[in-house]
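Peer 1: Sharing structure35.tsv (TSV, C-alpha atoms) below.
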```tsv
chain	number	residue	atom	x	y	z
A	1270	MET	CA	78.84	-18.37	-316.67
A	1271	PHE	CA	78.65	-21.10	-319.31
A	1272	VAL	CA	78.56	-23.93	-316.77
A	1273	LEU	CA	75.76	-22.14	-314.90
A	1274	LEU	CA	73.76	-21.75	-318.12
A	1275	ILE	CA	74.22	-25.41	-319.07
A	1276	THR	CA	73.08	-26.41	-315.58
A	1277	ILE	CA	69.99	-24.21	-315.89
A	1278	ILE	CA	69.28	-25.67	-319.33
A	1279	GLY	CA	69.55	-29.20	-317.94
A	1280	LEU	CA	67.23	-28.46	-315.03
A	1281	LEU	CA	64.69	-26.70	-317.26
A	1282	TYR	CA	64.69	-29.58	-319.72
A	1283	VAL	CA	64.33	-32.22	-317.01
A	1284	GLY	CA	61.58	-30.26	-315.28
A	1285	SER	CA	59.72	-29.82	-318.55
A	1286	SER	CA	60.06	-33.52	-319.33
A	1287	ILE	CA	58.65	-34.41	-315.91
A	1288	LEU	CA	55.71	-32.08	-316.51
A	1289	LEU	CA	54.94	-33.66	-319.88
A	1290	ARG	CA	55.32	-37.19	-318.47
A	1291	SER	CA	52.87	-36.20	-315.72
A	1292	TRP	CA	50.51	-34.72	-318.30
A	1293	VAL	CA	50.44	-38.04	-320.14
A	1294	ALA	CA	49.31	-39.75	-316.93
A	1295	ASN	CA	46.88	-37.06	-315.74
A	1296	SER	CA	45.71	-35.19	-318.88
A	1297	LYS	CA	45.75	-31.85	-317.03
A	1298	PRO	CA	46.17	-28.99	-319.54
A	1299	ALA	CA	48.19	-26.94	-317.03
A	1300	LEU	CA	50.91	-29.60	-317.00
A	1301	LEU	CA	51.09	-29.53	-320.80
A	1302	ALA	CA	51.24	-25.73	-320.90
A	1303	ALA	CA	53.93	-25.58	-318.21
A	1304	GLY	CA	55.98	-28.22	-320.04
A	1305	ILE	CA	55.80	-26.30	-323.31
A	1306	VAL	CA	56.81	-23.05	-321.60
A	1307	GLY	CA	59.69	-24.87	-319.93
A	1308	PHE	CA	60.95	-26.20	-323.25
A	1309	ALA	CA	60.70	-22.71	-324.77
A	1310	LEU	CA	62.79	-21.33	-321.89
A	1311	THR	CA	65.25	-24.17	-322.41
A	1312	GLY	CA	65.70	-23.15	-326.05
A	1313	LEU	CA	66.17	-19.49	-325.18
A	1314	THR	CA	68.71	-20.28	-322.48
A	1315	PHE	CA	70.56	-22.59	-324.87
A	1316	ALA	CA	70.73	-19.82	-327.49
A	1317	TYR	CA	72.13	-17.45	-324.88
A	1318	SER	CA	74.71	-20.03	-323.75
A	1319	MET	CA	76.29	-20.01	-327.20
A	1320	ARG	CA	77.67	-16.54	-326.42
A	1321	TYR	CA	80.16	-18.33	-324.18
A	1322	GLN	CA	80.83	-21.57	-326.07
A	1323	GLY	CA	80.49	-22.88	-329.60
A	1324	LEU	CA	77.44	-24.77	-330.85
A	1325	ALA	CA	78.99	-28.25	-330.88
A	1326	ILE	CA	80.39	-28.24	-327.35
A	1327	ALA	CA	77.35	-26.47	-325.86
A	1328	ASN	CA	74.99	-28.95	-327.49
A	1329	ILE	CA	76.98	-32.04	-326.51
A	1330	LEU	CA	77.30	-30.90	-322.89
A	1331	TRP	CA	73.60	-30.09	-322.70
A	1332	ILE	CA	72.56	-33.42	-324.20
A	1333	GLY	CA	74.96	-35.36	-321.97
A	1334	LEU	CA	73.77	-33.61	-318.82
A	1335	VAL	CA	70.13	-34.12	-319.75
A	1336	ALA	CA	70.67	-37.82	-320.53
A	1337	VAL	CA	72.18	-38.45	-317.11
A	1338	LEU	CA	69.66	-36.31	-315.20
A	1339	LEU	CA	66.66	-37.81	-316.98
A	1340	THR	CA	67.95	-41.31	-316.31
A	1341	VAL	CA	68.21	-40.57	-312.60
A	1342	VAL	CA	64.79	-38.87	-312.50
A	1343	ALA	CA	63.08	-41.62	-314.49
A	1344	ARG	CA	64.49	-44.24	-312.14
A	1345	TRP	CA	63.75	-42.28	-308.97
A	1346	ILE	CA	60.34	-40.71	-309.68
A	1347	PHE	CA	58.79	-43.05	-312.25
A	1348	GLN	CA	60.54	-46.30	-311.18
A	1349	GLU	CA	61.77	-46.98	-314.71
A	1350	GLY	CA	64.37	-49.76	-314.85
A	1351	LEU	CA	67.84	-49.78	-316.37
A	1352	THR	CA	69.91	-52.64	-317.75
A	1353	SER	CA	73.63	-53.07	-317.13
A	1354	ARG	CA	74.29	-52.05	-320.70
A	1355	GLN	CA	72.30	-48.85	-320.26
A	1356	LEU	CA	74.20	-48.03	-317.07
A	1357	ALA	CA	77.46	-48.55	-318.96
A	1358	GLY	CA	76.22	-46.12	-321.61
A	1359	ILE	CA	75.49	-43.53	-318.94
A	1360	ALA	CA	79.02	-43.99	-317.60
A	1361	VAL	CA	80.42	-43.37	-321.10
A	1362	ILE	CA	78.31	-40.20	-321.39
A	1363	ILE	CA	79.62	-38.93	-318.05
A	1364	CYS	CA	83.21	-39.58	-319.17
A	1365	GLY	CA	82.56	-37.73	-322.43
A	1366	VAL	CA	81.09	-34.72	-320.68
A	1367	ILE	CA	84.07	-34.58	-318.32
A	1368	LEU	CA	86.51	-34.76	-321.25
A	1369	LEU	CA	84.70	-32.03	-323.22
A	1370	ASN	CA	84.31	-29.58	-320.36
A	1371	LYS	CA	87.09	-27.02	-320.27
```
Can you give me the file's structure in the form of structure tokens?

Peer 2:
Amino acid sequence: MFVLLITIIGLLYVGSSILLRSWVANSKPALLAAGIVGFALTGLTFAYSMRYQGLAIANILWIGLVAVLLTVVARWIFQEGLTSRQLAGIAVIICGVILLNK
């Protein structure tokens, strides 16, 4: 159940970030409102996830997942570039998430 919740949190956070990034480009209030609602749902889901795992591990896994997903999305959707050093950092994050996951 915990892994499912962390996955949902990651997807909600990434979706909300995409909405807010789109709002910056388009200034459509609906995008802003949807992004804010998405972040609120992210927080609620994160709070619920702590029933299954402690704060530190839940938070680290969530942040690691979001960092990797947002990097992929930013590169794919918004054509944002990455340096070799940044890619190495993402690899370290992935290793850390794997080591922390029970």

Peer 1: Within 6 Å of range 1276-1282 of chain A, counting all atoms listed in the file, which residues show up once you throw out same-chain ones fewer than 5 positions away? Write them as a VMD selection string, please.

Peer 2: chain A and resid 1307 1311 1335

Peer 1: Need to verify the contact set: Phe1347 in chain A, 10 Å, all atoms listed in the file, exclusion of same-chain residues closer than 5 positions in sequence. Can you return it as number ranges by chain?

Peer 2: A: 1287, 1290-1291, 1341-1342

Peer 1: Using C-alpha atoms, can you export the residues from the last selection as a PDB file, in the coordinates of the input?

Peer 2:
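Writing the result to selection21.pdb gives the following:
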```pdb
ATOM      1  CA  ILE A1287      58.650 -34.410-315.910  1.00  0.00           C
ATOM      2  CA  ARG A1290      55.320 -37.190-318.470  1.00  0.00           C
ATOM      3  CA  SER A1291      52.870 -36.200-315.720  1.00  0.00           C
ATOM      4  CA  VAL A1341      68.210 -40.570-312.600  1.00  0.00           C
ATOM      5  CA  VAL A1342      64.790 -38.870-312.500  1.00  0.00           C
TER       6      VAL A1342
END
```

Peer 1: With all atoms listed in the file as the basis for distance, which of A:Ser1318, A:Thr1340, A:Ala1360, A:Ala1325 is at the shortest distance from Phe1271 in chain A?

Peer 2: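 Of A:Ser1318, A:Thr1340, A:Ala1360, A:Ala1325, the one nearest Phe1271 in chain A is A:Ser1318, counting all atoms listed in the file.
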
Peer 1: Using all atoms listed in the file, which of the listed residues (A:Leu1334, A:Ile1326, A:Met1319, A:Ala1299) sits closest to Ile1363 in chain A?

Peer 2: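 Answer, going by the shortest atom-to-atom distance: A:Leu1334.
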
Peer 1: For each of A:Ile1329, A:Gln1322, A:Leu1273, A:Asn1295, take the minimum atom-to-atom distance to Ile1367 in chain A, counting all atoms listed in the file, then give the residue where this is smallest.

Peer 2: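 Looking only at the distances to Ile1367 in chain A, the closest residue turns out to be A:Ile1329.
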
Peer 1: List the spatial neighbours of Arg1320 in chain A as a ChimeraX atom specification - criterion: any atom at most 12 Å away, all atoms listed in the file, same-chain residues fewer than 6 positions off excluded.

Peer 2: /A:1270-1271,1274,1313-1314,1327

Peer 1: Using only C-alpha atoms, which of the listed residues (A:Ala1343, A:Leu1330, A:Ala1294, A:Val1283) sits closest to Phe1308 in chain A?

Peer 2: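 Counting only C-alpha atoms, the residue closest to Phe1308 in chain A is A:Val1283.
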
Peer 1: Work out how far apart CA of Gly1284 in chain A and CA of Arg1354 in chain A are and give it in Å to one decimal.

Peer 2: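 Computing the Euclidean distance for CA of Gly1284 in chain A and CA of Arg1354 in chain A yields 25.8 Å.
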
Peer 1: Please report the interatomic distance between CA of Gly1358 in chain A and CA of Ser1286 in chain A in Å with one decimal.

Peer 2: 20.6 Å

Peer 1: Box for range 1346-1356 of chain A: with edges along x, y and z, all listed atoms inside and 4 Å added on each side, what are the centre and edge lengths in Å to one decimal, as JSON?

Peer 2:
```
{"center_x": 66.5, "center_y": -46.9, "center_z": -315.2, "size_x": 23.5, "size_y": 20.4, "size_z": 19.0}
```

Peer 1: In Å, rounded to a single decimal, give me how far CA of Ser1353 in chain A is from CA of Leu1369 in chain A.

Peer 2: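 Spanning CA of Leu1369 in chain A to CA of Ser1353 in chain A is a straight-line distance of 24.5 Å.
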